[in-house]
$ cat model.cif   # mmCIF, C-alpha atoms and all ligand atoms
data_entry
#
loop_
_atom_site.label_atom_id
_atom_site.label_comp_id
_atom_site.auth_asym_id
_atom_site.auth_seq_id
_atom_site.Cartn_x
_atom_site.Cartn_y
_atom_site.Cartn_z
CA MET A 121 -9.22 -80.03 -37.86
CA LYS A 122 -11.09 -76.80 -37.20
CA SER A 123 -10.75 -73.77 -39.47
CA PHE A 124 -8.22 -71.19 -38.35
CA VAL A 125 -6.39 -67.99 -39.21
CA GLN A 126 -2.67 -67.94 -38.53
CA TYR A 127 -1.08 -64.48 -38.49
CA THR A 128 1.94 -63.92 -36.29
CA PRO A 129 3.62 -60.87 -37.73
CA THR A 130 6.30 -60.25 -35.06
CA GLU A 131 9.85 -60.02 -36.41
CA VAL A 132 12.03 -62.16 -34.15
CA ILE A 133 15.67 -61.14 -33.73
CA PHE A 134 17.16 -63.97 -31.71
CA GLY A 135 20.63 -64.60 -30.30
CA LYS A 136 23.63 -63.25 -28.43
CA GLY A 137 24.11 -59.50 -28.45
CA THR A 138 20.92 -58.81 -30.40
CA GLU A 139 19.93 -55.95 -28.10
CA GLU A 140 22.60 -53.93 -29.94
CA GLN A 141 20.18 -53.95 -32.89
CA ALA A 142 17.45 -52.14 -30.94
CA GLY A 143 18.02 -48.80 -32.67
CA LYS A 144 17.91 -50.29 -36.15
CA ALA A 145 14.79 -52.32 -35.35
CA VAL A 146 13.01 -49.25 -33.95
CA ALA A 147 13.92 -47.22 -37.05
CA LYS A 148 12.79 -50.03 -39.35
CA TRP A 149 9.38 -50.09 -37.68
CA GLY A 150 8.93 -46.34 -37.94
CA GLY A 151 9.94 -45.20 -34.46
CA SER A 152 11.65 -41.84 -34.01
CA ARG A 153 10.34 -40.89 -30.54
CA VAL A 154 10.37 -43.88 -28.25
CA LEU A 155 8.94 -44.40 -24.78
CA ILE A 156 11.10 -47.09 -23.14
CA VAL A 157 9.01 -49.08 -20.66
CA TYR A 158 10.59 -51.27 -17.99
CA GLY A 159 9.85 -52.87 -14.64
CA GLY A 160 11.24 -52.70 -11.12
CA GLY A 161 14.85 -52.10 -12.07
CA SER A 162 16.49 -55.41 -13.06
CA VAL A 163 17.33 -53.90 -16.46
CA VAL A 164 18.94 -50.89 -14.77
CA ARG A 165 21.06 -53.11 -12.52
CA SER A 166 22.16 -55.40 -15.35
CA GLY A 167 23.23 -52.47 -17.54
CA LEU A 168 20.80 -53.52 -20.29
CA LEU A 169 18.86 -50.26 -20.19
CA ASP A 170 22.01 -48.23 -20.83
CA ARG A 171 22.96 -50.48 -23.76
CA VAL A 172 19.49 -50.02 -25.25
CA LYS A 173 19.67 -46.24 -24.86
CA ASN A 174 23.07 -46.27 -26.60
CA ALA A 175 21.65 -48.33 -29.44
CA LEU A 176 18.82 -45.78 -29.85
CA ASN A 177 21.25 -42.83 -29.66
CA GLN A 178 23.34 -44.31 -32.45
CA GLU A 179 20.33 -44.11 -34.74
CA GLN A 180 19.44 -40.56 -33.56
CA ILE A 181 16.21 -41.81 -32.00
CA SER A 182 14.75 -39.67 -29.21
CA TRP A 183 13.60 -41.50 -26.13
CA GLU A 184 12.10 -41.10 -22.70
CA GLU A 185 11.95 -43.78 -20.07
CA PHE A 186 9.08 -45.01 -17.96
CA GLY A 187 9.94 -47.62 -15.31
CA GLY A 188 7.99 -49.20 -12.49
CA ALA A 189 5.84 -51.91 -14.11
CA LYS A 190 5.10 -54.39 -11.33
CA PRO A 191 4.69 -58.15 -11.72
CA ASN A 192 0.88 -58.37 -12.13
CA PRO A 193 1.03 -54.92 -13.74
CA LEU A 194 -1.46 -52.28 -12.72
CA LEU A 195 -4.02 -50.36 -14.73
CA SER A 196 -3.19 -47.15 -12.84
CA HIS A 197 0.47 -47.44 -13.81
CA ALA A 198 -0.41 -48.00 -17.46
CA ARG A 199 -2.61 -44.90 -17.32
CA GLU A 200 0.39 -42.93 -16.05
CA GLY A 201 2.38 -44.29 -18.96
CA ILE A 202 -0.25 -43.17 -21.43
CA LYS A 203 0.03 -39.60 -20.14
CA ARG A 204 3.80 -39.77 -20.50
CA ALA A 205 3.61 -41.19 -24.02
CA VAL A 206 1.12 -38.54 -25.14
CA ALA A 207 3.10 -35.67 -23.57
CA PHE A 208 6.30 -36.90 -25.21
CA GLY A 209 4.62 -37.53 -28.56
CA ALA A 210 5.86 -41.11 -28.63
CA ASP A 211 5.48 -42.93 -31.92
CA LEU A 212 6.70 -46.35 -30.71
CA ILE A 213 6.61 -48.03 -27.29
CA LEU A 214 9.65 -50.17 -26.48
CA ALA A 215 9.28 -52.74 -23.70
CA VAL A 216 12.51 -53.88 -22.02
CA GLY A 217 11.60 -56.70 -19.66
CA GLY A 218 9.14 -59.54 -19.16
CA GLY A 219 5.42 -60.06 -19.59
CA SER A 220 4.45 -57.38 -17.08
CA THR A 221 6.53 -54.76 -18.84
CA ILE A 222 5.43 -55.85 -22.30
CA ASP A 223 1.75 -55.84 -21.33
CA THR A 224 2.15 -52.38 -19.82
CA ALA A 225 3.77 -51.23 -23.07
CA LYS A 226 0.90 -52.70 -25.10
CA ALA A 227 -1.63 -50.93 -22.86
CA ILE A 228 0.25 -47.64 -23.23
CA ALA A 229 0.31 -48.09 -27.00
CA HIS A 230 -3.46 -48.58 -27.11
CA GLY A 231 -4.17 -45.71 -24.74
CA ALA A 232 -1.77 -43.25 -26.37
CA ALA A 233 -3.26 -43.92 -29.80
CA ASN A 234 -6.77 -43.36 -28.38
CA PRO A 235 -6.31 -40.66 -25.72
CA GLU A 236 -10.01 -39.76 -25.72
CA ALA A 237 -10.96 -43.28 -24.53
CA ASP A 238 -10.56 -44.72 -21.04
CA LEU A 239 -8.08 -47.60 -21.01
CA TRP A 240 -10.36 -49.92 -19.04
CA ASP A 241 -13.18 -49.29 -21.52
CA ILE A 242 -10.78 -50.37 -24.26
CA TRP A 243 -9.76 -53.39 -22.16
CA LYS A 244 -13.35 -54.46 -21.63
CA LYS A 245 -14.11 -53.82 -25.32
CA ARG A 246 -16.72 -51.18 -24.49
CA VAL A 247 -14.71 -48.97 -26.84
CA PRO A 248 -13.60 -50.83 -29.97
CA LEU A 249 -9.85 -50.74 -30.56
CA THR A 250 -9.19 -49.73 -34.15
CA LYS A 251 -5.67 -48.33 -33.87
CA SER A 252 -2.63 -48.49 -31.63
CA LEU A 253 1.03 -47.48 -31.61
CA PRO A 254 3.70 -49.97 -32.66
CA VAL A 255 5.31 -51.91 -29.81
CA GLY A 256 8.82 -53.37 -29.81
CA VAL A 257 10.17 -55.81 -27.24
CA ILE A 258 13.53 -56.62 -25.72
CA LEU A 259 12.80 -59.76 -23.72
CA THR A 260 14.53 -60.53 -20.41
CA ILE A 261 12.57 -63.57 -19.17
CA ALA A 262 11.15 -66.60 -20.95
CA ALA A 263 7.65 -67.01 -19.57
CA ALA A 264 4.51 -65.16 -20.59
CA GLY A 265 5.01 -65.31 -24.36
CA SER A 266 3.71 -61.75 -24.62
CA GLU A 267 6.54 -60.98 -27.05
CA MET A 268 4.56 -62.74 -29.81
CA SER A 269 1.07 -63.15 -28.38
CA ASP A 270 -2.12 -61.29 -29.24
CA SER A 271 -2.87 -60.75 -25.57
CA ALA A 272 -2.10 -58.38 -22.70
CA VAL A 273 -3.11 -58.64 -19.05
CA LEU A 274 -3.58 -55.89 -16.44
CA THR A 275 -4.83 -55.77 -12.87
CA ASN A 276 -7.54 -53.20 -12.17
CA GLU A 277 -6.70 -52.67 -8.52
CA GLU A 278 -9.91 -50.76 -7.78
CA ALA A 279 -12.12 -53.57 -9.08
CA GLY A 280 -9.80 -56.30 -7.74
CA VAL A 281 -9.80 -57.93 -11.17
CA LYS A 282 -6.96 -59.20 -13.33
CA SER A 283 -8.06 -59.46 -16.90
CA GLY A 284 -6.71 -59.72 -20.42
CA ILE A 285 -7.54 -58.34 -23.83
CA ASN A 286 -6.95 -60.30 -27.02
CA THR A 287 -6.52 -58.26 -30.18
CA GLU A 288 -4.26 -58.29 -33.21
CA PHE A 289 -3.08 -54.84 -32.04
CA ASN A 290 -1.29 -56.68 -29.23
CA ARG A 291 1.21 -58.26 -31.62
CA ALA A 292 4.63 -56.68 -31.15
CA LYS A 293 6.29 -55.44 -34.34
CA PHE A 294 9.61 -56.95 -33.31
CA ALA A 295 10.99 -58.99 -30.45
CA ILE A 296 14.67 -58.99 -29.62
CA MET A 297 15.55 -62.15 -27.73
CA ASN A 298 19.01 -62.68 -26.31
CA PRO A 299 18.96 -65.70 -23.98
CA GLU A 300 22.01 -64.31 -22.14
CA LEU A 301 19.77 -61.54 -20.78
CA THR A 302 18.00 -64.19 -18.68
CA PHE A 303 21.14 -65.25 -16.78
CA THR A 304 20.40 -62.74 -14.00
CA LEU A 305 16.96 -64.20 -13.23
CA PRO A 306 16.21 -65.55 -9.75
CA ASP A 307 15.61 -69.34 -9.74
CA TYR A 308 11.97 -68.87 -8.76
CA GLN A 309 11.27 -66.69 -11.79
CA ILE A 310 12.93 -69.22 -14.12
CA ALA A 311 10.70 -71.92 -12.63
CA CYS A 312 7.59 -69.72 -12.90
CA GLY A 313 8.47 -69.13 -16.54
CA ILE A 314 8.88 -72.84 -17.30
CA THR A 315 5.50 -73.48 -15.68
CA ASP A 316 3.76 -70.72 -17.63
CA ILE A 317 5.20 -71.98 -20.94
CA MET A 318 3.96 -75.50 -20.17
CA MET A 319 0.53 -74.12 -19.26
CA HIS A 320 0.17 -72.10 -22.46
CA THR A 321 0.67 -75.33 -24.36
CA MET A 322 -1.51 -77.49 -22.11
CA GLU A 323 -4.39 -74.99 -22.07
CA ARG A 324 -4.59 -75.61 -25.83
CA TYR A 325 -4.07 -79.37 -25.54
CA PHE A 326 -6.65 -80.87 -23.20
CA ILE A 327 -9.52 -80.42 -25.61
CA PRO A 328 -11.49 -83.65 -26.02
CA GLY A 329 -12.19 -84.78 -29.57
CA SER A 330 -9.32 -82.62 -30.72
CA ASN A 331 -8.07 -83.79 -34.08
CA ALA A 332 -5.06 -81.84 -35.26
CA MET A 333 -2.09 -84.16 -35.53
CA LEU A 334 0.62 -81.67 -36.49
CA THR A 335 -0.52 -79.29 -33.76
CA ASP A 336 -0.44 -82.14 -31.22
CA GLU A 337 3.06 -83.16 -32.25
CA ILE A 338 4.32 -79.55 -32.02
CA ALA A 339 2.74 -79.17 -28.58
CA GLU A 340 4.18 -82.43 -27.30
CA GLY A 341 7.64 -81.65 -28.70
CA LEU A 342 7.52 -78.22 -27.14
CA LEU A 343 6.56 -79.65 -23.75
CA ARG A 344 9.39 -82.21 -23.88
CA THR A 345 11.82 -79.44 -24.84
CA VAL A 346 10.80 -77.19 -21.95
CA ILE A 347 10.82 -80.01 -19.42
CA THR A 348 14.29 -81.25 -20.44
CA ASN A 349 15.90 -77.83 -20.71
CA GLY A 350 14.09 -76.62 -17.62
CA ARG A 351 15.94 -79.26 -15.61
CA ILE A 352 19.26 -78.12 -17.09
CA ALA A 353 18.49 -74.44 -16.51
CA MET A 354 17.47 -75.00 -12.88
CA LYS A 355 20.95 -76.48 -12.27
CA ASN A 356 22.86 -73.91 -14.31
CA LYS A 357 21.05 -70.77 -15.41
CA GLU A 358 24.04 -69.71 -17.49
CA ASP A 359 23.62 -72.67 -19.81
CA TYR A 360 23.07 -70.69 -23.00
CA ASN A 361 21.53 -73.48 -25.02
CA ALA A 362 19.05 -74.46 -22.34
CA MET A 363 17.98 -70.84 -21.86
CA ALA A 364 17.75 -70.38 -25.64
CA GLU A 365 15.48 -73.42 -26.03
CA ILE A 366 13.26 -72.23 -23.18
CA MET A 367 13.10 -68.71 -24.58
CA TRP A 368 12.03 -69.86 -28.01
CA CYS A 369 9.48 -72.21 -26.42
CA SER A 370 8.03 -69.26 -24.52
CA SER A 371 7.22 -67.50 -27.80
CA ILE A 372 5.97 -70.55 -29.68
CA SER A 373 3.86 -71.74 -26.75
CA HIS A 374 1.76 -68.60 -26.87
CA ASN A 375 1.86 -67.29 -30.44
CA ASN A 376 -0.91 -69.82 -31.14
CA LEU A 377 1.11 -72.35 -33.15
CA THR A 378 0.45 -74.98 -30.46
CA GLY A 379 -3.31 -74.51 -30.77
CA LEU A 380 -4.05 -74.28 -34.47
CA GLY A 381 -7.02 -76.30 -35.69
CA ARG A 382 -8.73 -76.82 -32.37
CA ASP A 383 -10.49 -74.95 -29.55
CA ARG A 384 -8.59 -73.47 -26.63
CA ASP A 385 -9.37 -73.53 -22.97
CA PHE A 386 -7.41 -71.22 -20.64
CA SER A 387 -9.51 -72.14 -17.60
CA VAL A 388 -6.40 -72.66 -15.45
CA HIS A 389 -5.33 -69.12 -16.37
CA LYS A 390 -8.70 -67.81 -15.18
CA PHE A 391 -8.10 -69.49 -11.81
CA GLY A 392 -4.57 -68.09 -11.70
CA HIS A 393 -5.66 -64.54 -12.54
CA ALA A 394 -8.24 -64.62 -9.72
CA LEU A 395 -5.49 -65.71 -7.30
CA SER A 396 -3.00 -63.09 -8.54
CA ALA A 397 -5.60 -60.30 -8.35
CA LYS A 398 -6.40 -61.18 -4.73
CA TYR A 399 -3.02 -62.21 -3.36
CA ASP A 400 -0.50 -60.67 -5.82
CA VAL A 401 1.25 -64.02 -6.37
CA ALA A 402 3.56 -64.76 -9.32
CA HIS A 403 1.65 -65.79 -12.44
CA GLY A 404 3.37 -69.14 -13.15
CA ALA A 405 3.03 -70.23 -9.53
CA SER A 406 -0.64 -69.28 -9.46
CA LEU A 407 -1.27 -71.76 -12.29
CA ALA A 408 0.63 -74.73 -10.85
CA ALA A 409 -1.06 -74.24 -7.47
CA VAL A 410 -4.43 -75.18 -8.98
CA TRP A 411 -3.38 -77.40 -11.89
CA ASN A 412 -3.47 -80.68 -9.97
CA ALA A 413 -6.99 -80.01 -8.68
CA TRP A 414 -8.09 -78.82 -12.13
CA ALA A 415 -6.64 -81.93 -13.83
CA ALA A 416 -8.38 -84.28 -11.37
CA PHE A 417 -11.66 -82.53 -12.20
CA ALA A 418 -11.15 -82.32 -15.99
CA LEU A 419 -10.08 -85.96 -16.24
CA GLU A 420 -13.64 -87.05 -15.45
CA GLY A 421 -15.02 -85.22 -18.50
CA GLU A 422 -16.20 -87.11 -21.55
CA GLY A 423 -13.27 -88.13 -23.76
CA ALA A 424 -10.76 -86.50 -21.44
CA GLU A 425 -9.14 -89.72 -20.23
CA GLU A 426 -7.90 -90.56 -23.72
CA ARG A 427 -6.39 -87.10 -24.12
CA PHE A 428 -4.64 -87.18 -20.74
CA ALA A 429 -3.35 -90.69 -21.55
CA ARG A 430 -1.88 -89.49 -24.85
CA TYR A 431 -0.24 -86.59 -23.03
CA ALA A 432 1.27 -88.98 -20.49
CA ARG A 433 2.67 -91.27 -23.17
CA LYS A 434 3.97 -88.63 -25.57
CA VAL A 435 5.27 -86.07 -23.08
CA TRP A 436 6.30 -88.19 -20.08
CA GLN A 437 6.99 -91.52 -21.85
CA VAL A 438 4.52 -93.30 -19.57
CA GLU A 439 4.22 -96.93 -20.64
CA GLU A 440 0.93 -97.89 -18.96
CA GLN A 441 -1.33 -99.72 -21.43
CA GLN A 442 -4.57 -98.75 -19.77
CA ASP A 443 -5.72 -95.16 -20.47
CA ARG A 444 -6.86 -94.36 -16.94
CA ALA A 445 -3.64 -95.53 -15.32
CA ALA A 446 -1.57 -93.70 -17.93
CA ALA A 447 -3.58 -90.48 -17.48
CA LEU A 448 -3.16 -90.54 -13.70
CA GLU A 449 0.56 -91.20 -14.04
CA GLY A 450 0.93 -88.27 -16.45
CA ILE A 451 -0.75 -85.96 -13.96
CA ARG A 452 1.41 -87.30 -11.14
CA ARG A 453 4.62 -86.74 -13.11
CA THR A 454 3.60 -83.19 -14.04
CA VAL A 455 3.03 -82.32 -10.39
CA GLU A 456 6.27 -84.04 -9.40
CA TYR A 457 8.12 -81.94 -12.02
CA PHE A 458 6.68 -78.70 -10.65
CA ARG A 459 7.88 -79.77 -7.19
CA GLU A 460 11.31 -80.61 -8.58
CA ILE A 461 11.78 -77.10 -10.01
CA GLY A 462 10.49 -75.50 -6.81
CA ILE A 463 7.01 -74.44 -7.85
CA PRO A 464 4.05 -74.61 -5.42
CA VAL A 465 1.45 -77.23 -6.30
CA THR A 466 -1.18 -76.34 -3.69
CA LEU A 467 -2.62 -73.09 -2.37
CA ALA A 468 -0.93 -73.75 0.97
CA GLU A 469 2.45 -74.03 -0.78
CA LEU A 470 1.59 -70.83 -2.65
CA GLY A 471 1.28 -69.23 0.77
CA VAL A 472 -2.44 -68.48 0.73
CA ASP A 473 -5.21 -69.87 2.90
CA PRO A 474 -8.58 -68.70 1.54
CA SER A 475 -11.59 -68.81 3.87
CA GLU A 476 -14.96 -70.17 2.73
CA GLU A 477 -15.95 -66.63 1.80
CA ASP A 478 -12.70 -66.13 -0.12
CA LEU A 479 -13.29 -69.36 -2.04
CA GLN A 480 -16.67 -68.06 -3.14
CA GLU A 481 -15.18 -64.73 -4.19
CA LEU A 482 -12.37 -66.44 -6.13
CA ALA A 483 -14.86 -68.74 -7.85
CA MET A 484 -17.01 -65.79 -8.91
CA LYS A 485 -14.00 -63.87 -10.24
CA THR A 486 -12.81 -66.95 -12.14
CA THR A 487 -16.15 -67.39 -13.90
CA GLN A 488 -17.08 -63.70 -14.37
CA ASN A 489 -19.79 -63.97 -11.73
CA ASP A 490 -20.91 -67.39 -12.93
CA THR A 491 -21.75 -66.05 -16.39
CA VAL A 492 -19.31 -68.23 -18.36
CA LYS A 493 -18.59 -71.95 -18.52
CA LEU A 494 -14.88 -72.72 -18.65
CA CYS A 495 -13.09 -75.90 -19.71
CA PRO A 496 -14.27 -77.79 -22.81
CA ALA A 497 -13.18 -81.06 -21.14
CA ARG A 498 -15.80 -80.64 -18.39
CA ALA A 499 -17.83 -77.49 -17.82
CA ILE A 500 -16.74 -75.28 -14.93
CA GLY A 501 -19.15 -72.70 -13.50
CA ALA A 502 -18.80 -70.94 -10.17
CA ALA A 503 -19.82 -74.00 -8.10
CA GLU A 504 -17.27 -76.24 -9.82
CA ALA A 505 -14.60 -73.53 -9.62
CA LYS A 506 -15.14 -73.27 -5.87
CA GLU A 507 -14.70 -77.02 -5.49
CA ILE A 508 -11.49 -76.91 -7.53
CA PHE A 509 -10.12 -74.08 -5.37
CA ARG A 510 -11.11 -76.05 -2.27
CA ALA A 511 -9.36 -79.17 -3.56
CA ALA A 512 -6.27 -77.08 -4.36
CA LYS A 513 -5.94 -75.91 -0.75
O1 LIG E 601 10.54 -55.81 -12.73
P1 LIG E 601 11.96 -56.24 -12.84
O2 LIG E 601 12.86 -55.51 -11.91
O3 LIG E 601 12.47 -56.24 -14.25
O4 LIG E 601 12.01 -57.76 -12.28
C1 LIG E 601 11.26 -58.79 -12.87
C2 LIG E 601 10.10 -59.24 -11.99
O5 LIG E 601 10.39 -59.07 -10.65
C3 LIG E 601 12.11 -60.03 -12.89
N1 LIG E 601 12.97 -60.13 -14.07
C4 LIG E 601 12.58 -60.16 -15.36
N2 LIG E 601 13.66 -60.34 -16.14
C5 LIG E 601 14.74 -60.38 -15.31
C6 LIG E 601 14.29 -60.24 -14.00
N3 LIG E 601 15.13 -60.26 -12.93
C7 LIG E 601 16.45 -60.44 -13.20
N4 LIG E 601 16.94 -60.61 -14.44
C8 LIG E 601 16.12 -60.59 -15.52
N5 LIG E 601 16.62 -60.82 -16.75
O6 LIG E 601 11.19 -61.11 -12.92
C9 LIG E 601 10.02 -60.73 -12.25
C10 LIG E 601 8.81 -61.13 -13.09
O7 LIG E 601 8.73 -60.34 -14.25
P2 LIG E 601 7.39 -60.35 -15.11
O8 LIG E 601 7.54 -59.42 -16.24
O9 LIG E 601 6.23 -60.19 -14.20
O10 LIG E 601 7.40 -61.88 -15.63
P3 LIG E 601 6.56 -62.65 -16.67
O11 LIG E 601 7.19 -62.59 -18.00
O12 LIG E 601 6.30 -63.96 -16.07
O13 LIG E 601 5.18 -61.85 -16.81
C11 LIG E 601 4.08 -62.12 -15.99
C12 LIG E 601 2.91 -61.28 -16.41
O14 LIG E 601 2.52 -61.59 -17.75
C13 LIG E 601 1.13 -61.94 -17.76
C14 LIG E 601 0.93 -62.54 -16.40
O15 LIG E 601 -0.42 -62.64 -16.06
C15 LIG E 601 1.71 -61.59 -15.52
O16 LIG E 601 0.95 -60.42 -15.27
N6 LIG E 601 0.84 -62.79 -18.90
C16 LIG E 601 0.82 -62.20 -20.10
C17 LIG E 601 0.48 -62.91 -21.23
C18 LIG E 601 0.44 -62.27 -22.54
N7 LIG E 601 0.48 -60.96 -22.59
O17 LIG E 601 0.32 -62.93 -23.58
C19 LIG E 601 0.13 -64.33 -21.18
C20 LIG E 601 0.43 -64.99 -19.89
O18 LIG E 601 -0.45 -66.08 -19.73
C21 LIG E 601 0.33 -64.12 -18.70
O19 LIG E 601 -1.01 -64.01 -18.27
ZN ZN E 602 0.34 -67.59 -18.66
#
$ encode --input "model.cif" --output "structure tokens" --more "lines below"
Ligand code: NZQ
Ligand code: ZN
Amino acid sequence: MKSFVQYTPTEVIFGKGTEEQAGKAVAKWGGSRVLIVYGGGSVVRSGLLDRVKNALNQEQISWEEFGGAKPNPLLSHAREGIKRAVAFGADLILAVGGGSTIDTAKAIAHGAANPEADLWDIWKKRVPLTKSLPVGVILTIAAAGSEMSDSAVLTNEEAGVKSGINTEFNRAKFAIMNPELTFTLPDYQIACGITDIMMHTMERYFIPGSNAMLTDEIAEGLLRTVITNGRIAMKNKEDYNAMAEIMWCSSISHNNLTGLGRDRDFSVHKFGHALSAKYDVAHGASLAAVWNAWAAFALEGEGAEERFARYARKVWQVEEQQDRAAALEGIRRTVEYFREIGIPVTLAELGVDPSEEDLQELAMKTTQNDTVKLCPARAIGAAEAKEIFRAAK
């Protein structure tokens, strides 16, 4: 087992009606002037935003609202939010929504606490981040895990780059999670969320030579839980227990518990971010569209077969004795599951058809202009990334 630091300080307030506690949670974490951040309007239509405002009013907390965070949230929009937060004198940023809203809120918190610095300089760590404002979350979709993660992702539309920042300042102070708030989600978003949760766990799992038994068992249990409840949720999205299991998995899959004691990969996410930056496709779908091609490539790495075989046996109950056959069956069942829940498993199904030139551009974006090697299972530079994109077509 490798050495690690585990620090996940987010207070989780989980269950039915918990959004009513928003005012008390904000007050507890020192907020008296709150910028409420939300997305394209689902929280307005569902009435959630009004309930949150009422909860803040009851605690005499001043607030202003800032909507409009897009899926694949934009740097320019976050910059707008920073101006609003500074002008209002916000002392806490409250995200009401999914990963895009939460990441926008985190960006606003960093920018508002450091108004002299440019947000993209902070993002690229050209300016060290030493302080931020507290962020609270009211989660409306189980997917990105941003509610407990140390990461935030923005698209710089001028540079055509989607990129994340990992810092302890990205940990939300509290996360209110009421699974009932997810009942209004479109099927496709539920499926994208299930896929993203699985990926956050798998990106920490396919590390050859990995030796962390408890972490493996947690990861495998989490994957089985998402897969089983994902099937139930796709048939009935008002199944509270299924949505509750998926929601809790979303947080655990990305708060690092499923990766303790070993390296992490996140190469599939790099492929997905390149696709989302170029084609503005949903995050979960962008991952599944390349996963099959990535898995076929990674499987040929040293020690990878054994790991994929374990995954197949523990997660998909594959009974093949021989590692290679088991590994291939595990990959096949994963792809079949994505199909079953309606998620694209090729670039064509994702609705994109990159030219040769586009493949090169995507490969360069994925590997930061061929300056990094992704994937501990089998090194991926720009040339390999291009082949994986080509195979994913
Ligand atoms: O914008 P609104 O109108 O709210 O609609 C959203 C959006 O269209 C809708 N939605 C959310 N909750 C809803 C709802 N519609 C009806 N009822 C509800 N209860 O769903 C759509 C997607 O929302 P979004 O916030 O984009 O979803 P998600 O949570 O999947 O977030 C995706 C973003 O998070 C990033 C992704 O790259 C992507 O930009 N990620 C962030 C991570 C992190 N910070 O740790 C890690 C992830 O790997 C990921 O990269
Ligand atoms: Zn993700």
$ closest_atom_pairs --input "model.cif" --of "chain A" --to "ligand ZN 602 (chain E)" --cutoff "6 Å" --atoms "only C-alpha atoms and all ligand atoms" --output "tab-separated table"
residue	atom	partner	partner_atom	distance
A:Ala264	CA	E:ZN602	ZN	5.2
A:Asp316	CA	E:ZN602	ZN	4.7
A:His320	CA	E:ZN602	ZN	5.9
$ write_last_selection --input "model.cif" --atoms "C-alpha atoms" --output "PDB file, in the coordinates of the input"
ATOM      1  CA  ALA A 264       4.510 -65.160 -20.590  1.00  0.00           C
ATOM      2  CA  ASP A 316       3.760 -70.720 -17.630  1.00  0.00           C
ATOM      3  CA  HIS A 320       0.170 -72.100 -22.460  1.00  0.00           C
TER       4      HIS A 320
END
$ residues_around --input "model.cif" --residues "region 208-211 of chain A" --least-positions-apart "2" --cutoff "6 Å" --atoms "all atoms listed in the file" --output "ChimeraX atom specification"
/A:151,153-155,205-206
$ residues_around --input "model.cif" --residues "region 406-410 of chain A" --least-positions-apart "4" --cutoff "9 Å" --atoms "only C-alpha atoms" --output "ChimeraX atom specification"
/A:312,315-316,319,388-396,401-402,414-415,455,458,463-470,508-509,511-513
$ residues_around --input "model.cif" --residues "region 267-277 of chain A" --least-positions-apart "6" --cutoff "9 Å" --atoms "only C-alpha atoms" --output "short mmCIF file (atom, residue, chain, number, x, y, z; two decimals) with C-alpha atoms, keeping the file's coordinate frame"
data_model
loop_
_atom_site.label_atom_id
_atom_site.label_comp_id
_atom_site.auth_asym_id
_atom_site.auth_seq_id
_atom_site.Cartn_x
_atom_site.Cartn_y
_atom_site.Cartn_z
CA THR A 128 1.94 -63.92 -36.29
CA PRO A 129 3.62 -60.87 -37.73
CA THR A 130 6.30 -60.25 -35.06
CA GLU A 131 9.85 -60.02 -36.41
CA VAL A 132 12.03 -62.16 -34.15
CA ASN A 192 0.88 -58.37 -12.13
CA PRO A 193 1.03 -54.92 -13.74
CA LEU A 194 -1.46 -52.28 -12.72
CA LEU A 195 -4.02 -50.36 -14.73
CA SER A 196 -3.19 -47.15 -12.84
CA ALA A 198 -0.41 -48.00 -17.46
CA GLY A 218 9.14 -59.54 -19.16
CA GLY A 219 5.42 -60.06 -19.59
CA SER A 220 4.45 -57.38 -17.08
CA ILE A 222 5.43 -55.85 -22.30
CA ASP A 223 1.75 -55.84 -21.33
CA THR A 224 2.15 -52.38 -19.82
CA LYS A 226 0.90 -52.70 -25.10
CA ALA A 227 -1.63 -50.93 -22.86
CA TRP A 240 -10.36 -49.92 -19.04
CA TRP A 243 -9.76 -53.39 -22.16
CA GLY A 256 8.82 -53.37 -29.81
CA VAL A 257 10.17 -55.81 -27.24
CA ILE A 258 13.53 -56.62 -25.72
CA LEU A 259 12.80 -59.76 -23.72
CA SER A 283 -8.06 -59.46 -16.90
CA GLY A 284 -6.71 -59.72 -20.42
CA ILE A 285 -7.54 -58.34 -23.83
CA ASN A 286 -6.95 -60.30 -27.02
CA THR A 287 -6.52 -58.26 -30.18
CA GLU A 288 -4.26 -58.29 -33.21
CA PHE A 289 -3.08 -54.84 -32.04
CA ASN A 290 -1.29 -56.68 -29.23
CA ARG A 291 1.21 -58.26 -31.62
CA ALA A 292 4.63 -56.68 -31.15
CA LYS A 293 6.29 -55.44 -34.34
CA PHE A 294 9.61 -56.95 -33.31
CA ALA A 295 10.99 -58.99 -30.45
CA ILE A 296 14.67 -58.99 -29.62
CA SER A 370 8.03 -69.26 -24.52
CA SER A 371 7.22 -67.50 -27.80
CA ILE A 372 5.97 -70.55 -29.68
CA HIS A 374 1.76 -68.60 -26.87
CA ASN A 375 1.86 -67.29 -30.44
CA ASN A 376 -0.91 -69.82 -31.14
CA HIS A 393 -5.66 -64.54 -12.54
CA SER A 396 -3.00 -63.09 -8.54
CA ALA A 397 -5.60 -60.30 -8.35
#
$ residues_around --input "model.cif" --residues "Gly421 (chain A)" --least-positions-apart "2" --cutoff "6 Å" --atoms "all atoms listed in the file" --output "number ranges by chain"
A: 418-419, 424, 497-498
$ atom_distance --input "model.cif" --atom1 "CA of Val247 (chain A)" --atom2 "CA of Ala483 (chain A)"
27.4 Å
$ atom_distance --input "model.cif" --atom1 "CA of Thr138 (chain A)" --atom2 "CA of His197 (chain A)"
28.7 Å
$ closest_residue --input "model.cif" --among "A:Glu439, A:Asn356, A:Lys245, A:Ser387" --to "Lys485 (chain A)" --atoms "only C-alpha atoms"
A:Ser387
$ closest_residue --input "model.cif" --among "A:Ala413, A:Ala502, A:Ile261, A:Ile338" --to "Gln309 (chain A)" --atoms "only C-alpha atoms"
A:Ile261
